[in-house]
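> Here it is, the structure, as structure tokens.
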There are 4 protein chains.
Amino acid sequence: MNRSSSSSDPFRFLTAAGPVAALTSARAWIDAVLEVEAALAGAQADTGEIPLGAAGGIARACDVARFDVDAIVEEAGLGGNLVIPLLPRLREIVGPDDAGYVHRGATSQDVMDAATALVGRRCADAVTTSLGRARRTVAGLASAYGTAPMIARTLGQHAVPTTFATVTDRWSDGLAAAVEALDRVARPAVGLGGPSGDGTSFGTGHGAVVAQFAARLDLPVAPIARHGQRTWIADIAGAWGVAAAASGKLATDVVVLAQSDVGEVEELADGAGGSSSMPHKRNPIAAISARAAAMQAPGLVATVMGAAGAGELERAAGAWHAEWPALRQLWQATGSAVHWVGASLGRLHVDTDRMALNLARAEAALT
Amino acid sequence: MNRSSSSSDPFRFLTAAGPVAALTSARAWIDAVLEVEAALAGAQADTGEIPLGAAGGIARACDVARFDVDAIVEEAGLGGNLVIPLLPRLREIVGPDDAGYVHRGATSQDVMDAATALVGRRCADAVTTSLGRARRTVAGLASAYGTAPMIARTLGQHAVPTTFATVTDRWSDGLAAAVEALDRVARPAVGLGGPSGDGTSFGTGHGAVVAQFAARLDLPVAPIARHGQRTWIADIAGAWGVAAAASGKLATDVVVLAQSDVGEVEELADGAGGSSSMPHKRNPIAAISARAAAMQAPGLVATVMGAAGAGELERAAGAWHAEWPALRQLWQATGSAVHWVGASLGRLHVDTDRMALNLARAEAALT
Amino acid sequence: MNRSSSSSDPFRFLTAAGPVAALTSARAWIDAVLEVEAALAGAQADTGEIPLGAAGGIARACDVARFDVDAIVEEAGLGGNLVIPLLPRLREIVGPDDAGYVHRGATSQDVMDAATALVGRRCADAVTTSLGRARRTVAGLASAYGTAPMIARTLGQHAVPTTFATVTDRWSDGLAAAVEALDRVARPAVGLGGPSGDGTSFGTGHGAVVAQFAARLDLPVAPIARHGQRTWIADIAGAWGVAAAASGKLATDVVVLAQSDVGEVEELADGAGGSSSMPHKRNPIAAISARAAAMQAPGLVATVMGAAGAGELERAAGAWHAEWPALRQLWQATGSAVHWVGASLGRLHVDTDRMALNLARAEAALT
Amino acid sequence: MNRSSSSSDPFRFLTAAGPVAALTSARAWIDAVLEVEAALAGAQADTGEIPLGAAGGIARACDVARFDVDAIVEEAGLGGNLVIPLLPRLREIVGPDDAGYVHRGATSQDVMDAATALVGRRCADAVTTSLGRARRTVAGLASAYGTAPMIARTLGQHAVPTTFATVTDRWSDGLAAAVEALDRVARPAVGLGGPSGDGTSFGTGHGAVVAQFAARLDLPVAPIARHGQRTWIADIAGAWGVAAAASGKLATDVVVLAQSDVGEVEELADGAGGSSSMPHKRNPIAAISARAAAMQAPGLVATVMGAAGAGELERAAGAWHAEWPALRQLWQATGSAVHWVGASLGRLHVDTDRMALNLARAEAALT
């Protein structure tokens, strides 16, 4: 039994469903680290700092299939990050002639920060796609059932009549807000600071190298290296928290409308929603899973923001490291919430007869 | 001893310093509620829904000095929000002829949401001003001491030489990120939904009334009423969390550089930083207070985001109400962190001699 | 307009209802500080370290009515805690002969820690009383309606028949767990560490003084001064979080059972639960308020626990100060949740007819 | 590439080090579920509810090696928990004659709750062992260096002289508090509620079955089934939060004392603490990792407590499911923090010469 299987997550069906799990695996993260090392060498070749051939060799070596991912993760405990154990392996693959051009001028945090930006972008892109799909499903529901009369419920009480469009409008609005939030943070700026963070280790060509580096990663240029200023990480966390809130809200609506006592929506799916003791039950399990996933987010946002505001000086001893697992879990949990929201919407049966019945009961009670 | 003094906050010097406390007092909040009621009547007069004279009378009545703020807060427990006990008082001041035009078509949440937007904007504006002032102080420090050589410290260890500009650059970058974050959320869109949230209670003129209402409050128009979709609240919380992180980071740098063992900065202020047992000590108390205030923020962001994602249907029974105290404390704590950061920067003595000494010691240790 | 009214809390009806607000006011906290100073002098007189007459004079001077509470809070910003501005005032009241015996050997944190313990104990005692009252109300409901058949609901779905005793049993169990949690932390141990925390400033009689000090405060003796080890604070936060969870759960049950679509319970109270736009509505506003209050707790627990684990060395520069406001808000919010739970239970009408109707509907749907 | 490796955690070296990862793997959790099913059948045989032979057959079938763990986790998404996909597999292994005795009277939550209790106990036991080992290392440091004079530091400033015993005393006190906290929650009570939670599905022998069930699991008997009352889960979270705080505090002390500018302790370890750009650096990487791990805890405690207080009625639609991943990560992160604290202590070099030098400098500055 290898290490990774012995620690496999029994609740990944709940908080790591959808594409984000694969995009944030050890392999994916090390792949991003390698992409950053290749971009750095490429940028330095672009600006004449290192030979073109060396950059080409480094780029070819930066192939995750050539690395023992589990061994790197295992060894990362010695230095505290993934870059330190990766570098000697990369230099060995590159070979003695060009090994000296690997990671030139850089420090671990240059690479981890840019890799975090890349991984985060991929997660944002994937979840944005899921959100778009969910929004189209909502549009379909709105078009099919939007005019159906129903009773509005405020503070749990029957209020006044409305239509199902009130529900789909706010779902759509929430999903749009989630897309907007993720868009905003999908392309964080990257810099190169070197050991002190001031970029001097990259020499006089620093500005040019950073510009090429960012261009190769298709990311904006950071005004300064961001080792010691983590507002960009806090901002990423906040945006994902918004996306999680949008998902949690939609799922909560489904769960509440699906209550047996309300019965205005139902999740219909072969094999899903069963019970170990009550075969008659039809639980809205996708919405339930979405809620459970979304509930993970606020605490994770707090962890990331707390770390972002607690780091000291040029590179923080712990507050930096604390960002990674919390960000990764935030991305996974939010992505999972969005995944389950999409599943719930796809399974959703809207019962306009029950809406009419409940509305009639409500109106009878009001008179 | 009245109710408010009996519950006065013994730690307001720490987590409610600066202008935000007054901007989020009971009086300020009720003032905002009144401004919203006046804007609603004004908008309805603009669009011909109610007589101009009625709107004028309502506007004149919406003067917080005419209301017993403490009594309204006290009674708010009966209905769960500030609007319910305010309305009969407002109608009485307006008088029997026009009382029927007060709050017409609206529900409590229309008013509370817009009032929250107003209070939040004032807080954001005030804190942005403080951030700008702090940034200018940082610029002054950068200009005076930016070229001073010092040792960079990463993971608590002496790394390589840099200059004090590395410190001031990231402080400035953080304060700019805080300004950008608050700017983004300073003008939330407002809508009018009425009891069900779908706006039908405002009749066919709904769109026009909302447009005038928003214009009178100098806020954008929300596509739909936002009673049941709280991503905008989550977004506000995230932005303030970023501002708090920027403040906490800066304050942490000051505390760490002010350690007796480092001594590269010091807070100089008559009367401040003393100790009850050690008269010789000079504690960087403004930075310490800023840290303490900033540390309140992540948990409050989590509370707001959790509530924003947990609300059900057209108006949430608890999750909505949970937003207000947490947002208010978040605004206060972040504002206080920024206030204390400003105070710390204003008191900051930069000891370039000690920087040089520490750098020499560091270089001696490296060789 | 004095400072405290200008910052009075517009949401205190929600998150600071019940006895805790008064027990955690500026006045109450400074009263506790004075009680600690008196106990310290008394303990030192008990052990012969200072004259009996001096201790008597100090005890007489430690009367909160003789202090300008607002001025102390205002000045606390200069030194970062309430003790520093209080001491010169106390010494002046004591008079020149005995002023030297005030706060002898102690440091601010000795006093603030013991005062925190005292305030916390009072809050725990008051909330425990409220919990006991709530539990008796639950027992009354159980005895009146416990045998009423109703449908159990799991994951929002009708499950199988049960009785209302299932509901009251778990409410009672939760309230008992809350009492047990608060009991556990109601009497934290106190020590005296002096400036370094090692107690040497108290001389060879340190152990004896600490024993008398603790006895006079009716609290256990801490093995060491706890300035630099805040697990006891984290433990207090955890216990209050449990009490908040018990309250939130009970309130959630009420809100869910009170939904118009369920209607098995209702809050009946003259004047409460109204709406600004829908006079027919009967909102379960006490339960809603309890939920909103309880939702504040987890984020505050996280803040306290985060601070408790982040402090450095003998006294933390910020992490210590961050404890106070978060603890105070946690006590207030939890106390408020318990208060509103009690109010909700007191207003609760149990509709066994509706239970029977819902059960019949559920059974019809199952067959 | 199988599912679990494709999602393997790149930061497990940081937040899942030590024994907890294996104790909370999918395999371990399903093993616990099987142990609970066996105990249930055993208890029902003990009380004569089912044949002894059936219970024996079920016990033999409850061998995790006979189950496809990954497939169960994969399918768990359909029903929302691990028990639902496990049961048909278990019944198939048991065979047609006795399959009807499997899970008799029980509901998924009976099994998941007891399995959570078992997994939590194992984690608590393992971490308690690590804490004990760490405490012995601290005792060794105290005995070797406790009398070494050093300067106390409060609020980052040199205060007055003390000795290293002040440091080791509070470390030991914190580790003891962590042990006490985990002990308190290591053996949660278990019940059996069945579909409605009231136990009626187990018939008249319910009390006897519960007693045997608990005895077989070596856990106390819960007064009522705890499906709908999660204070016990909140209490577990609080206790682990205390253990994390103790670890974070100790690690923070190490990081602060190991600063190059202080230099009073150092982590010495072959191969550890290196830098990708600065070979001369010796980072206290174990303490840094411990801090990063401990920083995950408060947010996770908030998530668990929030879920515990938000669940509705007999079984919560999402709030229940949200507990599992957050609890698991809390156990892992806290266990990892304790693991890294142990590693840091084991590597700790205490530099009493540097303590003496710093003390002399401090005393020179004071005079």
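Just remember, in the structure tokens the first chain shown is A, the second B, etc., residues are 1-based per chain, and ligands are 1-based in the order shown.
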Contacts of A:Ala239 at 9 Å or less, counting only C-alpha atoms, minus same-chain residues fewer than 4 places along, as a ChimeraX atom specification?

/A:178,180-185,234-235,243-244 /B:234-235,238-239

> Define the interface residues of chain C facing chain A as those within 10 Å, counting only C-alpha atoms, and report them as a PyMOL selection string.

chain C and resi 153-160+255-263+275+277-285+288+298-299+302-303+306+310+358+361-362+365-367

> Restricted to N, CA, C and O atoms, what would the selected residues look like written as a compact mmCIF listing (two decimals), in the first residue's frame?


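Saved file out_32.txt follows:
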```txt
# COMPACT_ATOMS: atom_id res chain seq x y z
N ARG C 153 -38.38 13.70 10.42
CA ARG C 153 -37.89 14.23 9.14
C ARG C 153 -36.37 14.12 9.11
O ARG C 153 -35.69 14.70 9.94
N THR C 154 -35.88 13.38 8.12
CA THR C 154 -34.43 13.25 7.99
C THR C 154 -34.04 13.72 6.59
O THR C 154 -34.71 13.39 5.61
N LEU C 155 -33.01 14.52 6.53
CA LEU C 155 -32.57 15.15 5.28
C LEU C 155 -33.73 15.90 4.62
O LEU C 155 -33.83 15.98 3.40
N GLY C 156 -34.61 16.43 5.44
CA GLY C 156 -35.73 17.21 4.95
C GLY C 156 -36.93 16.39 4.49
O GLY C 156 -37.96 16.95 4.11
N GLN C 157 -36.77 15.09 4.52
CA GLN C 157 -37.82 14.22 4.01
C GLN C 157 -38.58 13.54 5.15
O GLN C 157 -37.98 13.21 6.17
N HIS C 158 -39.83 13.30 4.92
CA HIS C 158 -40.60 12.50 5.86
C HIS C 158 -39.95 11.13 5.97
O HIS C 158 -39.66 10.49 4.95
N ALA C 159 -39.73 10.69 7.18
CA ALA C 159 -39.06 9.42 7.40
C ALA C 159 -40.07 8.41 7.94
O ALA C 159 -40.79 7.77 7.15
N VAL C 160 -40.16 8.26 9.23
CA VAL C 160 -41.08 7.31 9.86
C VAL C 160 -41.71 8.03 11.04
O VAL C 160 -41.20 9.07 11.48
N VAL C 255 -37.43 27.04 14.01
CA VAL C 255 -37.68 27.74 12.74
C VAL C 255 -38.21 26.76 11.69
O VAL C 255 -39.14 27.08 10.94
N VAL C 256 -37.64 25.56 11.65
CA VAL C 256 -38.05 24.59 10.62
C VAL C 256 -39.45 24.05 10.92
O VAL C 256 -40.29 23.93 10.02
N LEU C 257 -39.72 23.76 12.18
CA LEU C 257 -41.07 23.26 12.52
C LEU C 257 -42.12 24.36 12.43
O LEU C 257 -43.31 24.07 12.29
N ALA C 258 -41.69 25.62 12.52
CA ALA C 258 -42.64 26.74 12.45
C ALA C 258 -42.91 27.20 11.03
O ALA C 258 -43.74 28.09 10.83
N GLN C 259 -42.19 26.63 10.06
CA GLN C 259 -42.48 27.00 8.68
C GLN C 259 -43.98 26.88 8.41
O GLN C 259 -44.61 25.91 8.85
N SER C 260 -44.53 27.77 7.62
CA SER C 260 -45.96 27.67 7.29
C SER C 260 -46.28 26.29 6.71
O SER C 260 -47.35 25.74 6.95
N ASP C 261 -45.33 25.73 5.96
CA ASP C 261 -45.59 24.44 5.33
C ASP C 261 -45.55 23.29 6.31
O ASP C 261 -45.91 22.16 5.95
N VAL C 262 -45.06 23.54 7.50
CA VAL C 262 -45.02 22.49 8.52
C VAL C 262 -46.02 22.84 9.63
O VAL C 262 -46.93 22.07 9.92
N GLY C 263 -45.79 23.99 10.26
CA GLY C 263 -46.78 24.53 11.19
C GLY C 263 -46.98 23.74 12.46
O GLY C 263 -48.02 23.83 13.11
N SER C 275 -44.32 42.02 10.78
CA SER C 275 -43.64 42.31 9.53
C SER C 275 -43.96 43.74 9.14
O SER C 275 -45.02 44.27 9.45
N SER C 277 -44.42 44.71 6.12
CA SER C 277 -45.28 44.75 4.93
C SER C 277 -46.40 43.72 4.95
O SER C 277 -47.31 43.80 4.15
N MET C 278 -46.33 42.74 5.86
CA MET C 278 -47.31 41.65 5.83
C MET C 278 -47.88 41.41 7.22
O MET C 278 -47.39 40.56 7.96
N PRO C 279 -48.93 42.15 7.57
CA PRO C 279 -49.47 42.06 8.94
C PRO C 279 -49.94 40.66 9.32
O PRO C 279 -50.02 40.34 10.51
N HIS C 280 -50.24 39.83 8.33
CA HIS C 280 -50.74 38.50 8.66
C HIS C 280 -49.65 37.56 9.15
O HIS C 280 -49.93 36.49 9.67
N LYS C 281 -48.39 37.93 8.91
CA LYS C 281 -47.33 36.98 9.22
C LYS C 281 -47.06 36.85 10.72
O LYS C 281 -47.18 37.80 11.47
N ARG C 282 -46.70 35.68 11.11
CA ARG C 282 -46.28 35.43 12.49
C ARG C 282 -44.89 34.79 12.42
O ARG C 282 -44.77 33.56 12.34
N ASN C 283 -43.86 35.61 12.43
CA ASN C 283 -42.50 35.09 12.32
C ASN C 283 -42.01 34.59 13.68
O ASN C 283 -42.23 35.27 14.68
N PRO C 284 -41.33 33.47 13.71
CA PRO C 284 -40.77 32.97 14.99
C PRO C 284 -39.50 33.74 15.32
O PRO C 284 -38.39 33.23 15.26
N ILE C 285 -39.72 35.00 15.69
CA ILE C 285 -38.61 35.94 15.71
C ILE C 285 -37.60 35.66 16.82
O ILE C 285 -36.42 35.97 16.69
N ILE C 288 -35.45 32.97 15.39
CA ILE C 288 -34.64 33.59 14.33
C ILE C 288 -33.49 34.38 14.94
O ILE C 288 -32.33 34.28 14.49
N PRO C 298 -19.08 30.52 15.86
CA PRO C 298 -17.94 29.76 15.33
C PRO C 298 -16.78 30.64 14.87
O PRO C 298 -15.61 30.34 15.15
N GLY C 299 -17.08 31.74 14.19
CA GLY C 299 -16.01 32.63 13.75
C GLY C 299 -15.26 33.23 14.93
O GLY C 299 -14.03 33.40 14.88
N ALA C 302 -12.97 30.69 16.40
CA ALA C 302 -11.77 30.59 15.56
C ALA C 302 -10.81 31.73 15.85
O ALA C 302 -9.59 31.52 15.93
N THR C 303 -11.34 32.93 16.03
CA THR C 303 -10.46 34.07 16.33
C THR C 303 -9.72 33.85 17.64
O THR C 303 -8.50 34.05 17.72
N GLY C 306 -7.26 30.96 17.27
CA GLY C 306 -6.14 31.39 16.43
C GLY C 306 -5.17 32.25 17.21
O GLY C 306 -3.95 32.05 17.16
N ALA C 310 -1.12 31.55 18.44
CA ALA C 310 -0.19 32.35 17.64
C ALA C 310 0.73 33.23 18.47
O ALA C 310 1.62 33.88 17.93
N ASN C 358 -50.04 16.31 9.47
CA ASN C 358 -48.83 16.07 8.68
C ASN C 358 -48.46 14.59 8.66
O ASN C 358 -48.01 14.06 7.64
N ARG C 361 -50.74 12.82 6.33
CA ARG C 361 -50.31 13.09 4.94
C ARG C 361 -49.07 12.27 4.60
O ARG C 361 -48.94 11.73 3.50
N ALA C 362 -48.14 12.23 5.51
CA ALA C 362 -46.91 11.49 5.26
C ALA C 362 -47.21 10.01 5.05
O ALA C 362 -46.67 9.38 4.12
N ALA C 365 -48.70 9.36 1.73
CA ALA C 365 -47.72 9.42 0.64
C ALA C 365 -46.88 8.15 0.58
O ALA C 365 -46.39 7.76 -0.48
N LEU C 366 -46.69 7.51 1.74
CA LEU C 366 -45.84 6.33 1.78
C LEU C 366 -46.54 5.10 1.25
O LEU C 366 -45.91 4.09 0.96
N THR C 367 -47.85 5.16 1.20
CA THR C 367 -48.57 3.92 0.83
C THR C 367 -49.09 4.01 -0.60
O THR C 367 -48.88 4.97 -1.30
```

> Looking only at helix (DSSP H, G or I) from DSSP on the backbone, list the matching residues of stretch 169-294 of chain D as a count of residues only.

72

> Would you pick out the contacts of C:Leu23 at 7 Å or less, using only C-alpha atoms, so that residues sharing its chain but fewer than 4 positions from it are not included, and give the list as a PDB file with C-alpha atoms, in the first residue's frame?


```
ATOM      1  CA  PRO C  19     -27.523  39.479  31.090  1.00  0.00           C
ATOM      2  CA  ALA C  28     -17.964  45.487  34.593  1.00  0.00           C
ATOM      3  CA  VAL C 119     -15.774  38.218  33.961  1.00  0.00           C
ATOM      4  CA  ARG C 122     -19.919  35.673  35.816  1.00  0.00           C
ATOM      5  CA  CYS C 123     -20.992  35.241  32.217  1.00  0.00           C
TER       6      CYS C 123
END
```

> For each of A:Pro149, A:Leu345, A:Thr116, A:Arg226, take the minimum atom-to-atom distance to B:Ala177, counting only C-alpha atoms, then give the residue where this is smallest.

A:Arg226

> Please determine, counting only C-alpha atoms, which residue among D:Ala356, D:Ala165, D:Ala65, D:Leu192 has the shortest atom-to-atom distance to D:Gly140.

D:Ala165

> Which residue, B:Gly199, B:Met150, B:Ser172, B:Gly309, has the smallest gap to B:Arg133 when you use only C-alpha atoms?

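Result for the nearest residue to B:Arg133: B:Ser172.
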
> Would you work out the distance separating atom CA of C:Thr204 from atom CA of C:Ala117, expressed in Å to one decimal?

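Interatomic distance, atom CA of C:Thr204 to atom CA of C:Ala117: 25.4 Å.
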
> Within 9 Å of stretch 43-46 of chain A, counting only C-alpha atoms, which residues show up once you throw out same-chain ones fewer than 6 positions away? Write them as a PDB file with all heavy atoms, in the first residue's frame, please.


```pdb
ATOM      1  N   LEU A  52      20.082  30.009 -25.325  1.00  0.00           N
ATOM      2  CA  LEU A  52      18.823  29.474 -25.831  1.00  0.00           C
ATOM      3  C   LEU A  52      18.764  27.958 -25.683  1.00  0.00           C
ATOM      4  O   LEU A  52      17.736  27.375 -25.311  1.00  0.00           O
ATOM      5  CB  LEU A  52      18.680  29.854 -27.309  1.00  0.00           C
ATOM      6  CG  LEU A  52      17.293  30.277 -27.789  1.00  0.00           C
ATOM      7  CD1 LEU A  52      16.796  31.508 -27.067  1.00  0.00           C
ATOM      8  CD2 LEU A  52      17.313  30.545 -29.292  1.00  0.00           C
ATOM      9  N   GLY A  53      19.865  27.336 -25.968  1.00  0.00           N
ATOM     10  CA  GLY A  53      19.908  25.877 -25.891  1.00  0.00           C
ATOM     11  C   GLY A  53      19.676  25.371 -24.477  1.00  0.00           C
ATOM     12  O   GLY A  53      19.011  24.352 -24.267  1.00  0.00           O
ATOM     13  N   ALA A  54      20.223  26.103 -23.518  1.00  0.00           N
ATOM     14  CA  ALA A  54      20.015  25.700 -22.120  1.00  0.00           C
ATOM     15  C   ALA A  54      18.537  25.773 -21.774  1.00  0.00           C
ATOM     16  O   ALA A  54      17.970  24.853 -21.167  1.00  0.00           O
ATOM     17  CB  ALA A  54      20.825  26.602 -21.190  1.00  0.00           C
ATOM     18  N   ALA A  55      17.897  26.862 -22.187  1.00  0.00           N
ATOM     19  CA  ALA A  55      16.469  27.016 -21.903  1.00  0.00           C
ATOM     20  C   ALA A  55      15.668  25.896 -22.560  1.00  0.00           C
ATOM     21  O   ALA A  55      14.726  25.354 -21.966  1.00  0.00           O
ATOM     22  CB  ALA A  55      15.963  28.373 -22.385  1.00  0.00           C
ATOM     23  N   GLY A  56      16.061  25.530 -23.777  1.00  0.00           N
ATOM     24  CA  GLY A  56      15.370  24.436 -24.465  1.00  0.00           C
ATOM     25  C   GLY A  56      15.536  23.126 -23.705  1.00  0.00           C
ATOM     26  O   GLY A  56      14.574  22.371 -23.520  1.00  0.00           O
ATOM     27  N   ARG A 104      17.810  30.007 -11.986  1.00  0.00           N
ATOM     28  CA  ARG A 104      18.858  31.015 -11.820  1.00  0.00           C
ATOM     29  C   ARG A 104      18.298  32.321 -11.267  1.00  0.00           C
ATOM     30  O   ARG A 104      17.383  32.914 -11.831  1.00  0.00           O
ATOM     31  CB  ARG A 104      19.489  31.253 -13.180  1.00  0.00           C
ATOM     32  CG  ARG A 104      20.847  31.843 -13.121  1.00  0.00           C
ATOM     33  CD  ARG A 104      21.422  31.723 -14.515  1.00  0.00           C
ATOM     34  NE  ARG A 104      22.185  32.897 -14.855  1.00  0.00           N
ATOM     35  CZ  ARG A 104      23.450  32.854 -15.223  1.00  0.00           C
ATOM     36  NH1 ARG A 104      24.063  31.685 -15.317  1.00  0.00           N
ATOM     37  NH2 ARG A 104      24.082  33.953 -15.535  1.00  0.00           N
ATOM     38  N   GLY A 205      18.864  43.015 -15.774  1.00  0.00           N
ATOM     39  CA  GLY A 205      17.788  42.625 -16.692  1.00  0.00           C
ATOM     40  C   GLY A 205      16.510  42.205 -15.990  1.00  0.00           C
ATOM     41  O   GLY A 205      15.596  41.668 -16.620  1.00  0.00           O
ATOM     42  N   ALA A 208      13.051  43.083 -17.520  1.00  0.00           N
ATOM     43  CA  ALA A 208      12.809  42.398 -18.790  1.00  0.00           C
ATOM     44  C   ALA A 208      12.509  40.917 -18.562  1.00  0.00           C
ATOM     45  O   ALA A 208      11.614  40.331 -19.200  1.00  0.00           O
ATOM     46  CB  ALA A 208      14.014  42.567 -19.711  1.00  0.00           C
ATOM     47  N   VAL A 209      13.248  40.298 -17.662  1.00  0.00           N
ATOM     48  CA  VAL A 209      13.015  38.879 -17.379  1.00  0.00           C
ATOM     49  C   VAL A 209      11.611  38.672 -16.798  1.00  0.00           C
ATOM     50  O   VAL A 209      10.882  37.764 -17.209  1.00  0.00           O
ATOM     51  CB  VAL A 209      14.088  38.317 -16.409  1.00  0.00           C
ATOM     52  CG1 VAL A 209      13.707  36.916 -15.935  1.00  0.00           C
ATOM     53  CG2 VAL A 209      15.450  38.285 -17.091  1.00  0.00           C
ATOM     54  N   VAL A 210      11.223  39.529 -15.857  1.00  0.00           N
ATOM     55  CA  VAL A 210       9.893  39.398 -15.266  1.00  0.00           C
ATOM     56  C   VAL A 210       8.821  39.539 -16.344  1.00  0.00           C
ATOM     57  O   VAL A 210       7.852  38.762 -16.383  1.00  0.00           O
ATOM     58  CB  VAL A 210       9.661  40.441 -14.141  1.00  0.00           C
ATOM     59  CG1 VAL A 210       8.217  40.409 -13.656  1.00  0.00           C
ATOM     60  CG2 VAL A 210      10.614  40.183 -12.989  1.00  0.00           C
ATOM     61  N   ALA A 211       9.018  40.503 -17.236  1.00  0.00           N
ATOM     62  CA  ALA A 211       8.014  40.718 -18.292  1.00  0.00           C
ATOM     63  C   ALA A 211       7.878  39.473 -19.171  1.00  0.00           C
ATOM     64  O   ALA A 211       6.764  39.039 -19.497  1.00  0.00           O
ATOM     65  CB  ALA A 211       8.398  41.931 -19.143  1.00  0.00           C
ATOM     66  N   GLN A 212       9.002  38.875 -19.560  1.00  0.00           N
ATOM     67  CA  GLN A 212       8.945  37.676 -20.402  1.00  0.00           C
ATOM     68  C   GLN A 212       8.365  36.480 -19.640  1.00  0.00           C
ATOM     69  O   GLN A 212       7.618  35.671 -20.184  1.00  0.00           O
ATOM     70  CB  GLN A 212      10.355  37.311 -20.897  1.00  0.00           C
ATOM     71  CG  GLN A 212      10.861  38.221 -21.988  1.00  0.00           C
ATOM     72  CD  GLN A 212       9.898  38.283 -23.169  1.00  0.00           C
ATOM     73  OE1 GLN A 212       9.246  39.300 -23.387  1.00  0.00           O
ATOM     74  NE2 GLN A 212       9.774  37.178 -23.899  1.00  0.00           N
ATOM     75  N   PHE A 213       8.780  36.408 -18.392  1.00  0.00           N
ATOM     76  CA  PHE A 213       8.312  35.318 -17.515  1.00  0.00           C
ATOM     77  C   PHE A 213       6.779  35.356 -17.416  1.00  0.00           C
ATOM     78  O   PHE A 213       6.096  34.344 -17.642  1.00  0.00           O
ATOM     79  CB  PHE A 213       8.964  35.517 -16.149  1.00  0.00           C
ATOM     80  CG  PHE A 213       8.537  34.577 -15.060  1.00  0.00           C
ATOM     81  CD1 PHE A 213       8.864  33.228 -15.096  1.00  0.00           C
ATOM     82  CD2 PHE A 213       7.834  35.056 -13.952  1.00  0.00           C
ATOM     83  CE1 PHE A 213       8.490  32.379 -14.054  1.00  0.00           C
ATOM     84  CE2 PHE A 213       7.463  34.212 -12.911  1.00  0.00           C
ATOM     85  CZ  PHE A 213       7.794  32.870 -12.978  1.00  0.00           C
ATOM     86  N   ALA A 214       6.257  36.532 -17.139  1.00  0.00           N
ATOM     87  CA  ALA A 214       4.807  36.676 -17.019  1.00  0.00           C
ATOM     88  C   ALA A 214       4.132  36.388 -18.357  1.00  0.00           C
ATOM     89  O   ALA A 214       3.095  35.707 -18.414  1.00  0.00           O
ATOM     90  CB  ALA A 214       4.460  38.084 -16.528  1.00  0.00           C
ATOM     91  N   ALA A 215       4.720  36.883 -19.437  1.00  0.00           N
ATOM     92  CA  ALA A 215       4.121  36.670 -20.758  1.00  0.00           C
ATOM     93  C   ALA A 215       4.061  35.178 -21.079  1.00  0.00           C
ATOM     94  O   ALA A 215       3.070  34.666 -21.595  1.00  0.00           O
ATOM     95  CB  ALA A 215       4.928  37.410 -21.826  1.00  0.00           C
ATOM     96  N   ARG A 216       5.130  34.470 -20.779  1.00  0.00           N
ATOM     97  CA  ARG A 216       5.149  33.033 -21.048  1.00  0.00           C
ATOM     98  C   ARG A 216       4.104  32.276 -20.219  1.00  0.00           C
ATOM     99  O   ARG A 216       3.603  31.232 -20.661  1.00  0.00           O
ATOM    100  CB  ARG A 216       6.537  32.460 -20.754  1.00  0.00           C
ATOM    101  CG  ARG A 216       7.536  32.784 -21.876  1.00  0.00           C
ATOM    102  CD  ARG A 216       8.949  32.350 -21.531  1.00  0.00           C
ATOM    103  NE  ARG A 216       9.779  32.350 -22.744  1.00  0.00           N
ATOM    104  CZ  ARG A 216       9.967  31.286 -23.523  1.00  0.00           C
ATOM    105  NH1 ARG A 216       9.407  30.116 -23.204  1.00  0.00           N
ATOM    106  NH2 ARG A 216      10.712  31.362 -24.609  1.00  0.00           N
TER     107      ARG A 216
END
```

> Residues of stretch 13-215 of chain D in strand (DSSP E or B) according to DSSP, as a VMD selection string?

chain D and resid 149 to 154 157 to 163 190
